[in-house]
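Student: Got a structure for you, my_file02.tsv, holding TSV, C-alpha atoms.
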chain	number	residue	atom	x	y	z
K	1	MET	CA	106.80	111.38	126.53
K	2	SER	CA	107.08	108.81	123.72
K	3	GLU	CA	109.50	109.26	120.86
K	4	ARG	CA	108.12	110.52	117.56
K	5	ILE	CA	109.31	108.91	114.35
K	6	VAL	CA	108.45	110.12	110.84
K	7	LEU	CA	108.54	107.28	108.35
K	8	ALA	CA	108.31	108.07	104.65
K	9	GLY	CA	107.57	105.31	102.15
K	10	ALA	CA	106.33	102.80	104.69
K	11	SER	CA	104.08	100.74	102.42
K	12	GLY	CA	106.78	98.29	101.32
K	13	PHE	CA	108.28	95.25	103.00
K	14	ILE	CA	110.96	97.13	104.96
K	15	GLY	CA	108.77	100.08	105.92
K	16	THR	CA	105.96	97.87	107.18
K	17	HIS	CA	108.39	95.91	109.35
K	18	LEU	CA	109.93	99.08	110.80
K	19	ALA	CA	106.58	100.74	111.52
K	20	GLU	CA	105.33	97.68	113.39
K	21	ALA	CA	108.54	97.38	115.41
K	22	PHE	CA	108.56	101.05	116.39
K	23	ARG	CA	104.89	101.02	117.40
K	24	GLU	CA	105.30	97.83	119.43
K	25	ARG	CA	107.77	99.62	121.67
K	26	GLY	CA	105.43	102.58	122.13
K	27	ALA	CA	106.75	105.09	119.61
K	28	GLU	CA	104.45	107.47	117.79
K	29	VAL	CA	104.94	106.79	114.07
K	30	ALA	CA	103.75	109.29	111.47
K	31	VAL	CA	103.69	108.00	107.91
K	32	ILE	CA	104.16	109.99	104.70
K	33	GLY	CA	103.09	108.33	101.45
K	34	ARG	CA	101.30	108.81	98.16
K	35	SER	CA	97.99	108.99	99.99
K	36	GLY	CA	99.02	109.53	103.59
K	37	PRO	CA	97.83	108.41	106.06
K	38	ASP	CA	99.41	111.26	108.02
K	39	ALA	CA	100.70	113.32	105.10
K	40	ALA	CA	100.74	112.95	101.33
K	41	TRP	CA	103.60	113.92	99.06
K	42	GLY	CA	103.04	117.43	97.78
K	43	ASP	CA	101.48	118.65	101.03
K	44	ALA	CA	104.46	120.73	102.16
K	45	ALA	CA	102.74	122.31	105.14
K	46	THR	CA	101.68	119.00	106.69
K	47	ILE	CA	105.05	117.35	106.05
K	48	THR	CA	106.79	120.30	107.70
K	49	ARG	CA	104.49	120.01	110.70
K	50	LEU	CA	105.28	116.29	111.02
K	51	VAL	CA	109.07	116.63	110.87
K	52	ASP	CA	109.07	119.63	113.22
K	53	GLY	CA	110.21	118.27	116.59
K	54	ALA	CA	110.49	114.65	115.42
K	55	ASP	CA	113.17	112.48	116.99
K	56	VAL	CA	114.14	110.95	113.67
K	57	VAL	CA	113.02	110.99	110.03
K	58	ILE	CA	113.45	107.76	108.05
K	59	ASN	CA	112.89	107.87	104.29
K	60	LEU	CA	112.37	104.67	102.30
K	61	ALA	CA	110.30	106.19	99.48
K	62	GLY	CA	110.94	105.09	95.93
K	63	LYS	CA	109.44	102.95	93.19
K	64	SER	CA	110.61	99.34	93.34
K	65	VAL	CA	113.45	98.49	90.96
K	66	ASN	CA	111.86	95.06	90.47
K	67	CYS	CA	110.38	96.13	87.15
K	68	ARG	CA	111.27	96.39	83.49
K	69	TYR	CA	113.58	99.36	82.85
K	70	ASN	CA	111.55	101.00	80.09
K	71	ASP	CA	111.44	104.79	79.65
K	72	ALA	CA	108.44	105.32	81.92
K	73	ASN	CA	109.72	103.11	84.74
K	74	ARG	CA	113.20	104.60	84.63
K	75	ALA	CA	111.77	108.09	84.90
K	76	GLU	CA	109.55	107.09	87.83
K	77	ILE	CA	112.40	105.32	89.63
K	78	PHE	CA	114.36	108.58	89.52
K	79	ARG	CA	111.43	110.90	90.26
K	80	SER	CA	110.08	108.89	93.20
K	81	ARG	CA	113.46	109.05	94.94
K	82	LEU	CA	114.71	112.53	94.10
K	83	ASP	CA	111.46	114.47	94.50
K	84	THR	CA	110.54	112.90	97.84
K	85	THR	CA	114.05	113.34	99.24
K	86	ARG	CA	114.12	117.00	98.23
K	87	GLU	CA	110.63	117.49	99.63
K	88	LEU	CA	111.77	116.19	103.01
K	89	ALA	CA	114.87	118.39	102.89
K	90	ALA	CA	112.71	121.46	102.27
K	91	ALA	CA	110.41	120.51	105.15
K	92	ILE	CA	113.30	120.02	107.56
K	93	ALA	CA	114.84	123.34	106.49
K	94	ALA	CA	111.49	125.08	107.13
K	95	SER	CA	110.86	123.50	110.54
K	96	ASP	CA	111.32	125.38	113.81
K	97	ALA	CA	112.76	122.32	115.59
K	98	PRO	CA	114.57	120.25	112.94
K	99	PRO	CA	114.95	116.53	113.69
K	100	PRO	CA	118.43	115.69	115.01
K	101	LEU	CA	118.72	112.73	112.62
K	102	TRP	CA	117.53	111.96	109.10
K	103	ILE	CA	118.16	108.46	107.77
K	104	ASN	CA	117.66	107.92	104.05
K	105	SER	CA	117.56	104.64	102.18
K	106	SER	CA	120.22	104.03	99.55
K	107	THR	CA	121.52	100.87	97.92
K	108	ALA	CA	124.66	98.74	97.82
K	109	THR	CA	124.09	98.52	94.07
K	110	ILE	CA	125.96	101.84	93.93
K	111	TYR	CA	129.22	99.85	93.89
K	112	ARG	CA	130.66	98.26	90.76
K	113	HIS	CA	130.29	94.62	89.75
K	114	ALA	CA	132.90	93.13	92.09
K	115	GLU	CA	134.48	89.69	91.82
K	116	ASP	CA	137.97	90.63	93.01
K	117	ARG	CA	137.44	92.22	96.44
K	118	PRO	CA	134.75	93.52	98.76
K	119	MET	CA	133.45	97.08	98.55
K	120	THR	CA	133.58	99.15	101.75
K	121	GLU	CA	132.63	102.75	102.44
K	122	SER	CA	136.32	103.75	102.39
K	123	THR	CA	137.67	101.60	99.53
K	124	GLY	CA	134.60	100.79	97.44
K	125	GLU	CA	134.47	101.87	93.80
K	126	LEU	CA	131.27	103.19	92.29
K	127	GLY	CA	129.92	101.43	89.23
K	128	THR	CA	128.31	102.63	86.02
K	129	GLY	CA	124.94	102.29	84.35
K	130	PHE	CA	121.35	103.15	85.14
K	131	SER	CA	121.11	101.62	88.63
K	132	VAL	CA	124.30	103.32	89.77
K	133	ASN	CA	123.13	106.66	88.33
K	134	VAL	CA	119.94	106.32	90.36
K	135	ALA	CA	121.88	105.62	93.54
K	136	THR	CA	124.42	108.43	93.11
K	137	SER	CA	121.71	110.94	92.18
K	138	TRP	CA	119.65	109.87	95.20
K	139	GLU	CA	122.55	110.34	97.61
K	140	ARG	CA	123.45	113.67	96.02
K	141	ALA	CA	119.88	114.90	96.53
K	142	PHE	CA	120.02	113.71	100.13
K	143	PHE	CA	123.22	115.51	101.06
K	144	GLU	CA	122.94	118.65	98.92
K	145	ALA	CA	120.73	120.76	101.21
K	146	ASP	CA	122.20	122.89	104.01
K	147	LEU	CA	120.72	121.36	107.18
K	148	PRO	CA	123.22	122.20	109.94
K	149	GLN	CA	121.09	120.90	112.82
K	150	THR	CA	120.31	117.52	111.30
K	151	ARG	CA	122.75	114.62	111.08
K	152	ARG	CA	122.26	112.66	107.87
K	153	VAL	CA	123.00	108.98	107.21
K	154	ALA	CA	122.44	107.17	103.90
K	155	LEU	CA	122.04	103.42	104.37
K	156	ARG	CA	123.56	101.53	101.44
K	157	MET	CA	121.50	98.41	101.97
K	158	ALA	CA	122.29	95.03	100.47
K	159	ILE	CA	119.45	92.69	99.45
K	160	VAL	CA	117.17	92.53	102.48
K	161	LEU	CA	115.94	89.06	103.45
K	162	GLY	CA	112.74	88.45	105.37
K	163	ASP	CA	109.22	87.11	105.12
K	164	GLY	CA	107.82	89.17	102.27
K	165	SER	CA	111.13	90.05	100.62
K	166	ALA	CA	112.72	88.98	97.33
K	167	LEU	CA	113.51	85.70	99.07
K	168	VAL	CA	109.90	84.49	98.81
K	169	PRO	CA	109.89	83.71	95.05
K	170	LEU	CA	113.28	82.01	95.41
K	171	ILE	CA	111.84	79.77	98.11
K	172	ARG	CA	108.99	78.86	95.77
K	173	LEU	CA	111.41	78.01	92.96
K	174	ALA	CA	113.55	75.89	95.27
K	175	ARG	CA	110.55	73.92	96.54
K	176	PHE	CA	109.75	73.01	92.92
K	177	GLY	CA	113.30	71.79	92.26
K	178	LEU	CA	114.35	74.96	90.43
K	179	GLY	CA	116.63	76.34	93.13
K	180	GLY	CA	119.95	76.04	91.36
K	181	ALA	CA	122.42	78.85	90.69
K	182	GLN	CA	121.56	81.72	88.34
K	183	ARG	CA	124.35	81.49	85.77
K	184	ASP	CA	125.52	84.41	83.69
K	185	GLY	CA	126.37	84.11	80.02
K	186	ARG	CA	126.55	86.07	76.80
K	187	TRP	CA	123.45	87.84	75.53
K	188	PHE	CA	122.78	90.31	72.75
K	189	ALA	CA	122.41	93.97	73.60
K	190	THR	CA	120.31	96.52	71.78
K	191	THR	CA	121.62	100.03	71.20
K	192	ALA	CA	118.77	101.43	73.25
K	193	ARG	CA	119.61	99.31	76.30
K	194	ARG	CA	123.30	100.17	76.09
K	195	ASN	CA	122.51	103.88	75.79
K	196	ALA	CA	120.15	103.66	78.77
K	197	GLY	CA	122.75	101.81	80.85
K	198	THR	CA	120.36	98.94	81.56
K	199	PHE	CA	122.17	96.09	79.81
K	200	HIS	CA	124.00	93.66	82.09
K	201	GLU	CA	127.44	92.82	80.72
K	202	PHE	CA	128.55	89.18	81.02
K	203	GLY	CA	130.53	88.87	84.24
K	204	ALA	CA	130.88	86.08	86.78
K	205	ARG	CA	130.81	82.50	85.48
K	206	GLY	CA	129.03	79.51	86.95
K	207	GLY	CA	126.92	81.36	89.52
K	208	ARG	CA	129.97	82.86	91.22
K	209	GLN	CA	128.57	86.40	91.34
K	210	ARG	CA	128.74	87.61	94.93
K	211	PHE	CA	125.52	87.92	96.89
K	212	SER	CA	125.50	90.50	99.68
K	213	TRP	CA	122.50	90.28	101.95
K	214	VAL	CA	121.13	91.47	105.28
K	215	HIS	CA	118.37	90.10	107.53
K	216	ILE	CA	115.44	92.46	108.09
K	217	ASP	CA	116.11	92.38	111.84
K	218	ASP	CA	119.57	93.85	111.22
K	219	VAL	CA	118.11	96.67	109.13
K	220	LEU	CA	116.16	97.67	112.23
K	221	GLY	CA	119.22	96.98	114.40
K	222	ALA	CA	121.46	99.15	112.21
K	223	ILE	CA	118.97	102.02	112.33
K	224	GLU	CA	118.83	101.85	116.12
K	225	PHE	CA	122.63	101.65	116.28
K	226	VAL	CA	123.03	104.71	114.06
K	227	ARG	CA	120.62	106.60	116.30
K	228	GLU	CA	122.74	105.76	119.34
K	229	HIS	CA	126.08	106.64	117.71
K	230	PRO	CA	126.26	110.32	116.73
K	231	GLU	CA	129.73	109.83	115.27
K	232	LEU	CA	128.15	107.96	112.35
K	233	ASP	CA	127.11	110.19	109.49
K	234	GLY	CA	127.41	110.11	105.72
K	235	VAL	CA	127.16	106.72	104.00
K	236	VAL	CA	126.92	103.42	105.89
K	237	ASN	CA	126.85	99.95	104.35
K	238	VAL	CA	124.10	97.75	105.77
K	239	SER	CA	125.03	94.21	104.84
K	240	SER	CA	125.93	91.00	106.61
K	241	PRO	CA	129.67	90.75	107.28
K	242	HIS	CA	129.54	87.30	105.61
K	243	PRO	CA	128.42	87.63	101.97
K	244	VAL	CA	128.34	84.50	99.83
K	245	ASP	CA	128.16	83.80	96.12
K	246	ASN	CA	125.02	82.92	94.20
K	247	ARG	CA	125.79	79.19	94.14
K	248	ALA	CA	126.28	79.07	97.90
K	249	PHE	CA	123.18	81.17	98.51
K	250	MET	CA	120.91	78.92	96.45
K	251	ALA	CA	122.50	75.77	97.93
K	252	THR	CA	121.74	77.11	101.41
K	253	VAL	CA	118.13	77.84	100.45
K	254	ARG	CA	117.78	74.25	99.23
K	255	ARG	CA	119.38	72.84	102.38
K	256	VAL	CA	117.09	74.86	104.65
K	257	LEU	CA	114.07	73.62	102.70
K	258	GLY	CA	115.29	70.03	102.56
K	259	MET	CA	115.42	70.00	98.76
K	260	PRO	CA	118.14	67.62	97.45
K	261	ILE	CA	118.19	69.01	93.90
K	262	GLY	CA	118.02	72.39	92.23
K	263	LEU	CA	118.19	72.91	88.49
K	264	PRO	CA	120.30	75.92	87.46
K	265	ALA	CA	118.96	78.83	85.43
K	266	PHE	CA	121.13	79.95	82.51
K	267	ARG	CA	121.32	83.49	81.10
K	268	TRP	CA	118.98	82.77	78.20
K	269	MET	CA	116.37	81.38	80.59
K	270	LEU	CA	116.74	84.38	82.87
K	271	GLU	CA	116.41	86.85	79.99
K	272	LEU	CA	113.26	85.22	78.66
K	273	GLY	CA	111.79	84.76	82.13
K	274	SER	CA	112.52	88.32	83.23
K	275	ALA	CA	110.80	89.66	80.13
K	276	VAL	CA	107.71	87.62	80.97
K	277	ILE	CA	107.53	88.66	84.64
K	278	ARG	CA	108.62	92.24	83.86
K	279	THR	CA	111.90	92.49	85.74
K	280	GLU	CA	115.63	92.70	84.93
K	281	THR	CA	118.41	90.10	85.00
K	282	GLU	CA	120.82	92.59	86.62
K	283	LEU	CA	119.03	91.98	89.91
K	284	VAL	CA	120.42	88.42	90.11
K	285	LEU	CA	123.50	88.56	87.86
K	286	LYS	CA	125.39	91.62	89.10
K	287	SER	CA	128.14	90.66	91.55
K	288	ARG	CA	127.45	92.64	94.74
K	289	TRP	CA	130.30	92.17	97.20
K	290	VAL	CA	129.74	94.57	100.08
K	291	VAL	CA	130.88	94.52	103.70
K	292	PRO	CA	129.76	96.84	106.55
K	293	GLU	CA	133.11	98.36	107.50
K	294	ARG	CA	131.75	101.34	109.44
K	295	LEU	CA	129.14	99.44	111.44
K	296	LEU	CA	131.68	96.82	112.47
K	297	ALA	CA	134.30	99.41	113.38
K	298	ALA	CA	131.76	101.23	115.55
K	299	GLY	CA	130.92	97.99	117.39
K	300	TYR	CA	127.61	96.88	115.88
K	301	GLU	CA	126.91	93.19	116.54
K	302	PHE	CA	124.71	91.59	113.89
K	303	THR	CA	121.69	89.64	115.07
K	304	GLN	CA	121.90	87.42	111.99
K	305	PRO	CA	125.47	87.48	110.64
K	306	GLU	CA	125.45	84.00	109.02
K	307	LEU	CA	123.27	83.04	106.07
K	308	GLU	CA	121.94	79.62	107.07
K	309	PRO	CA	120.62	80.60	110.53
K	310	ALA	CA	119.14	83.74	108.96
K	311	LEU	CA	117.30	81.69	106.33
K	312	ARG	CA	116.10	79.16	108.89
K	313	ASP	CA	114.68	82.01	110.95
K	314	ILE	CA	112.81	83.44	107.96
K	315	VAL	CA	111.50	80.07	106.79
K	316	ALA	CA	110.32	79.31	110.33
K	317	ARG	CA	108.44	82.61	110.41
K	318	ARG	CA	106.68	81.58	107.22
K	319	GLY	CA	105.29	78.59	109.13
K	320	LEU	CA	106.77	75.75	107.08
K	321	PRO	CA	106.74	72.34	108.81
K	322	PRO	CA	109.64	71.77	111.24
K	323	ALA	CA	110.76	68.69	109.31
K	324	SER	CA	111.36	70.87	106.25
K	325	ILE	CA	113.05	73.61	108.23
K	326	HIS	CA	115.62	71.32	109.83
K	327	SER	CA	116.30	68.89	107.02
Show me, as structure tokens, the structure contained in the file I just sent.

Tutor:
Amino acid sequence: MSERIVLAGASGFIGTHLAEAFRERGAEVAVIGRSGPDAAWGDAATITRLVDGADVVINLAGKSVNCRYNDANRAEIFRSRLDTTRELAAAIAASDAPPPLWINSSTATIYRHAEDRPMTESTGELGTGFSVNVATSWERAFFEADLPQTRRVALRMAIVLGDGSALVPLIRLARFGLGGAQRDGRWFATTARRNAGTFHEFGARGGRQRFSWVHIDDVLGAIEFVREHPELDGVVNVSSPHPVDNRAFMATVRRVLGMPIGLPAFRWMLELGSAVIRTETELVLKSRWVVPERLLAAGYEFTQPELEPALRDIVARRGLPPASIHS
């Protein structure tokens, strides 16, 4: 009998990759989303039927944070995470055969802006502001229900790299000679943005903000590892053991693409550009320094632990000419 996996929020880059990988190995994958296909949010009876007897439930649902943090988007970022997580908790509580494992997405952004030391599950310090409030509220909603038969693991994922991820626009910029470091600087803050916790305070200089990342294959690998190791519960960092800084990351992108130059982007450019494309500078300027202490201690071996081979793998999958890939 094939395993049965319930995947919530599978329409994005990570969910699509996971669903394909699970199905390729013969698993039955049931998908919950805004419009199904197997169950839609709000249909409690059908969601309960899907999770009843499932081998694992994986929840990735939530509005993308790659948007402008206005009132409506902030509210939807919260709602799309908290409501769906609580809906799954209610379904699992109501099921006759609760799944033995529920894995919920979280984010490494939960940690503070870190330039002094890496953040681990045991020693990491939580940050402040809107993004951190989202992450802490999400994890609280995940762990608050009484589900004694279901082990729960929240994956605090770093920036996931793959074909279709946030890496794609950076590759485009680099190929046009714009692949330099994203450099922080001073910028004016409105009262509204400070009150909402969405203003990025000037931090690392010269593109030295840390960049924690993970290859999409290791997201799948970490999920499989967690399934095989019942001693892992609670929060787990999912990030390469070798984070870099922004300068090194962009330099590696250029090297992989064979681009000899890359003009830097200064804070004022990033602020104006992010307003035009409707995103936020925090996504590239916050220093995220995260290491996967628990995965390493439990013996997980990363498929792609080093940045350059990981980028070469992704660029090769995009079908760029070999001469560019190996320059």

Student: Using only C-alpha atoms, which residues sit within 8 Å of K:Ala19 once same-chain residues fewer than 3 positions away are excluded, as a list in words?

Tutor: Leu7, Ala10, Gly15, Thr16, Phe22, Arg23 and Val29 of chain K

Student: Could you check the closest approach to K:Arg74 for each of K:Ala196, K:Ile110, K:Val56, K:Leu178 and tell me which residue wins, using all atoms listed in the file?

Tutor: K:Ala196

Student: Looking at K:Asn59, K:Thr303, K:Ser122, K:Ser2, which one is nearest to K:Leu82, with distances taken over only C-alpha atoms?

Tutor: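 Among K:Asn59, K:Thr303, K:Ser122, K:Ser2, it is K:Asn59 that comes nearest to K:Leu82.
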
Student: Which of these residues is nearest to K:Val153, using all atoms listed in the file: K:His229, K:Arg317, K:His17, K:Arg34?

Tutor: K:His229

Student: What is the distance between atom CA of K:Gly62 and atom CA of K:Val253, in Å to one decimal?

Tutor: 28.5 Å

Student: What's around K:Phe249 at 12 Å? Count all atoms listed in the file, leave out sequence neighbours fewer than 6 positions away in its own chain, and write the answer as a ChimeraX atom specification.

Tutor: /K:161,167,170-171,174,179-182,207-213,242-243,255-256,262,284,306-308,310-311

Student: Given only C-alpha atoms as the basis, pick out the residue of K:Arg312, K:His113, K:Arg294, K:Arg186 nearest to K:Leu270.

Tutor: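 Using only C-alpha atoms, the shortest distance to K:Leu270 belongs to K:Arg186.
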
Student: Hey, can you check how far atom CA of K:Ile77 sits from atom CA of K:Glu139?

Tutor: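 Distance reported for this atom pair: 13.9 Å.
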
Student: K:Val219: which residues within 8 Å, counting all atoms listed in the file, same-chain residues fewer than 5 positions away excluded, as a list in words?

Tutor: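 In the requested format, the answer is Val160, Val214 and Val238 of chain K.
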
Student: Show me the residues around (111.8, 111.2, 95.3) - criterion: an atom at most 10 Å away, all atoms listed in the file counted - as a list in words.

Tutor: Gly9, Trp41, Asn59, Leu60, Ala61, Gly62, Lys63, Glu76, Ile77, Phe78, Arg79, Ser80, Arg81, Leu82, Asp83, Thr84, Thr85, Arg86, Glu87, Leu88, Trp138, Ala141 and Phe142 of chain K

Student: If you take all atoms listed in the file and a cut-off of 9 Å, which residues of stretch 30-98 of chain K touch stretch 147-151 of chain K, and what are their nearest atom pairs and distances in Å to one decimal, in chain and number order, as a Markdown table?

Tutor:
| residue | atom | partner | partner_atom | distance |
| --- | --- | --- | --- | --- |
| K:Ala89 | CA | K:Leu147 | CA | 7.8 |
| K:Ile92 | CA | K:Leu147 | CA | 7.5 |
| K:Ala93 | CA | K:Leu147 | CA | 6.2 |
| K:Ala97 | CA | K:Gln149 | CA | 8.9 |
| K:Pro98 | CA | K:Gln149 | CA | 6.6 |

Student: Residues as selected, C-alpha atoms, written as a PDB file, in the coordinates of the input, can you do that?

Tutor:
ATOM      1  CA  ALA K  89     114.870 118.390 102.890  1.00  0.00           C
ATOM      2  CA  ILE K  92     113.300 120.020 107.560  1.00  0.00           C
ATOM      3  CA  ALA K  93     114.840 123.340 106.490  1.00  0.00           C
ATOM      4  CA  ALA K  97     112.760 122.320 115.590  1.00  0.00           C
ATOM      5  CA  PRO K  98     114.570 120.250 112.940  1.00  0.00           C
TER       6      PRO K  98
END

Student: Using all atoms listed in the file, pick whichever of K:Phe199, K:Phe176, K:Tyr111, K:Phe225 has the shortest atom-to-atom distance to K:Pro260.

Tutor: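 Result for the nearest residue to K:Pro260: K:Phe176.
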
Student: Around all the atoms of stretch 213-226 of chain K listed in the file, draw an axis-aligned box and extend it by 8 Å on each of the six sides; I want its centre and edge lengths in Å to one decimal, as lines of an AutoDock Vina configuration file.

Tutor:
center_x = 119.2
center_y = 97.4
center_z = 109.1
size_x = 23.6
size_y = 30.6
size_z = 30.3

Student: Dig up all the protein and nucleic acid residues within 12 Å of (125.9, 101.0, 88.2) in the file frame, using all atoms listed in the file, and format them as a ChimeraX atom specification.

Tutor: /K:107-114,125-137,196-201,282-283,286-288

Student: List as a PDB file with C-alpha atoms, keeping the file's coordinate frame the protein and nucleic acid residues near stretch 43-55 of chain K, meaning an atom at most 8 Å away when all atoms listed in the file are counted, but skip any in the same chain fewer than 5 places from it.

Tutor:
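Final file, selection_21.pdb:
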ATOM      1  CA  GLU K   3     109.500 109.260 120.860  1.00  0.00           C
ATOM      2  CA  ARG K   4     108.120 110.520 117.560  1.00  0.00           C
ATOM      3  CA  ILE K   5     109.310 108.910 114.350  1.00  0.00           C
ATOM      4  CA  VAL K   6     108.450 110.120 110.840  1.00  0.00           C
ATOM      5  CA  ALA K  30     103.750 109.290 111.470  1.00  0.00           C
ATOM      6  CA  ILE K  32     104.160 109.990 104.700  1.00  0.00           C
ATOM      7  CA  GLU K  87     110.630 117.490  99.630  1.00  0.00           C
ATOM      8  CA  LEU K  88     111.770 116.190 103.010  1.00  0.00           C
ATOM      9  CA  ALA K  91     110.410 120.510 105.150  1.00  0.00           C
ATOM     10  CA  ILE K  92     113.300 120.020 107.560  1.00  0.00           C
ATOM     11  CA  ALA K  94     111.490 125.080 107.130  1.00  0.00           C
ATOM     12  CA  SER K  95     110.860 123.500 110.540  1.00  0.00           C
ATOM     13  CA  ASP K  96     111.320 125.380 113.810  1.00  0.00           C
ATOM     14  CA  ALA K  97     112.760 122.320 115.590  1.00  0.00           C
ATOM     15  CA  PRO K  98     114.570 120.250 112.940  1.00  0.00           C
ATOM     16  CA  PRO K  99     114.950 116.530 113.690  1.00  0.00           C
ATOM     17  CA  PRO K 100     118.430 115.690 115.010  1.00  0.00           C
ATOM     18  CA  LEU K 101     118.720 112.730 112.620  1.00  0.00           C
TER      19      LEU K 101
END

Student: From the set K:Pro305, K:Gly221, K:Gly185, K:Gly177, which residue has the shortest atom-to-atom contact distance to K:Trp268, counting only C-alpha atoms?

Tutor: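 Of K:Pro305, K:Gly221, K:Gly185, K:Gly177, the one nearest K:Trp268, counting only C-alpha atoms, is K:Gly185.
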
Student: Name the residues in contact with K:Val226 at a cut-off of 12 Å, using all atoms listed in the file, excluding same-chain residues fewer than 3 positions from it; report them as an NGL selection string.

Tutor: :K and (56 or 58 or 100-104 or 151-155 or 218-223 or 229-238 or 294-296 or 298-300)

Student: Please indicate the distance in Å from atom CA of K:Ile314 to atom CA of K:His215, rounded to one decimal place.

Tutor: 8.7 Å

Student: Will you model N, CA, C and O atoms for stretch 219-233 of chain K and pass it back as an mmCIF file, in the coordinates of the input?

Tutor:
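And here's out-v6.cif as it stands now:
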data_model
loop_
_atom_site.group_PDB
_atom_site.id
_atom_site.type_symbol
_atom_site.label_atom_id
_atom_site.label_comp_id
_atom_site.auth_asym_id
_atom_site.auth_seq_id
_atom_site.Cartn_x
_atom_site.Cartn_y
_atom_site.Cartn_z
ATOM 1 N N VAL K 219 118.436 95.335 109.635
ATOM 2 C CA VAL K 219 118.110 96.670 109.130
ATOM 3 C C VAL K 219 117.600 97.525 110.284
ATOM 4 O O VAL K 219 118.057 98.653 110.503
ATOM 5 N N LEU K 220 116.655 96.968 111.042
ATOM 6 C CA LEU K 220 116.160 97.670 112.230
ATOM 7 C C LEU K 220 117.294 97.887 113.228
ATOM 8 O O LEU K 220 117.445 98.983 113.786
ATOM 9 N N GLY K 221 118.117 96.865 113.455
ATOM 10 C CA GLY K 221 119.220 96.980 114.400
ATOM 11 C C GLY K 221 120.210 98.057 113.990
ATOM 12 O O GLY K 221 120.698 98.819 114.839
ATOM 13 N N ALA K 222 120.518 98.135 112.697
ATOM 14 C CA ALA K 222 121.460 99.150 112.210
ATOM 15 C C ALA K 222 120.893 100.551 112.393
ATOM 16 O O ALA K 222 121.626 101.486 112.743
ATOM 17 N N ILE K 223 119.605 100.711 112.145
ATOM 18 C CA ILE K 223 118.970 102.020 112.330
ATOM 19 C C ILE K 223 119.057 102.443 113.793
ATOM 20 O O ILE K 223 119.408 103.585 114.117
ATOM 21 N N GLU K 224 118.746 101.533 114.693
ATOM 22 C CA GLU K 224 118.830 101.850 116.120
ATOM 23 C C GLU K 224 120.270 102.164 116.523
ATOM 24 O O GLU K 224 120.537 103.072 117.325
ATOM 25 N N PHE K 225 121.227 101.423 115.970
ATOM 26 C CA PHE K 225 122.630 101.650 116.280
ATOM 27 C C PHE K 225 123.082 103.020 115.803
ATOM 28 O O PHE K 225 123.792 103.746 116.518
ATOM 29 N N VAL K 226 122.683 103.386 114.589
ATOM 30 C CA VAL K 226 123.030 104.710 114.060
ATOM 31 C C VAL K 226 122.447 105.805 114.943
ATOM 32 O O VAL K 226 123.104 106.821 115.213
ATOM 33 N N ARG K 227 121.237 105.600 115.429
ATOM 34 C CA ARG K 227 120.620 106.600 116.300
ATOM 35 C C ARG K 227 121.421 106.789 117.583
ATOM 36 O O ARG K 227 121.509 107.904 118.113
ATOM 37 N N GLU K 228 122.010 105.713 118.067
ATOM 38 C CA GLU K 228 122.740 105.760 119.340
ATOM 39 C C GLU K 228 124.196 106.183 119.184
ATOM 40 O O GLU K 228 124.884 106.377 120.190
ATOM 41 N N HIS K 229 124.666 106.329 117.939
ATOM 42 C CA HIS K 229 126.080 106.640 117.710
ATOM 43 C C HIS K 229 126.194 107.892 116.840
ATOM 44 O O HIS K 229 126.253 107.810 115.606
ATOM 45 N N PRO K 230 126.233 109.053 117.479
ATOM 46 C CA PRO K 230 126.260 110.320 116.730
ATOM 47 C C PRO K 230 127.501 110.513 115.880
ATOM 48 O O PRO K 230 127.524 111.405 115.022
ATOM 49 N N GLU K 231 128.531 109.699 116.097
ATOM 50 C CA GLU K 231 129.730 109.830 115.270
ATOM 51 C C GLU K 231 129.518 109.274 113.868
ATOM 52 O O GLU K 231 130.329 109.518 112.958
ATOM 53 N N LEU K 232 128.436 108.525 113.666
ATOM 54 C CA LEU K 232 128.150 107.960 112.350
ATOM 55 C C LEU K 232 127.312 108.936 111.537
ATOM 56 O O LEU K 232 126.187 109.274 111.908
ATOM 57 N N ASP K 233 127.873 109.401 110.449
ATOM 58 C CA ASP K 233 127.110 110.190 109.490
ATOM 59 C C ASP K 233 127.628 109.856 108.102
ATOM 60 O O ASP K 233 128.535 109.050 107.936
#
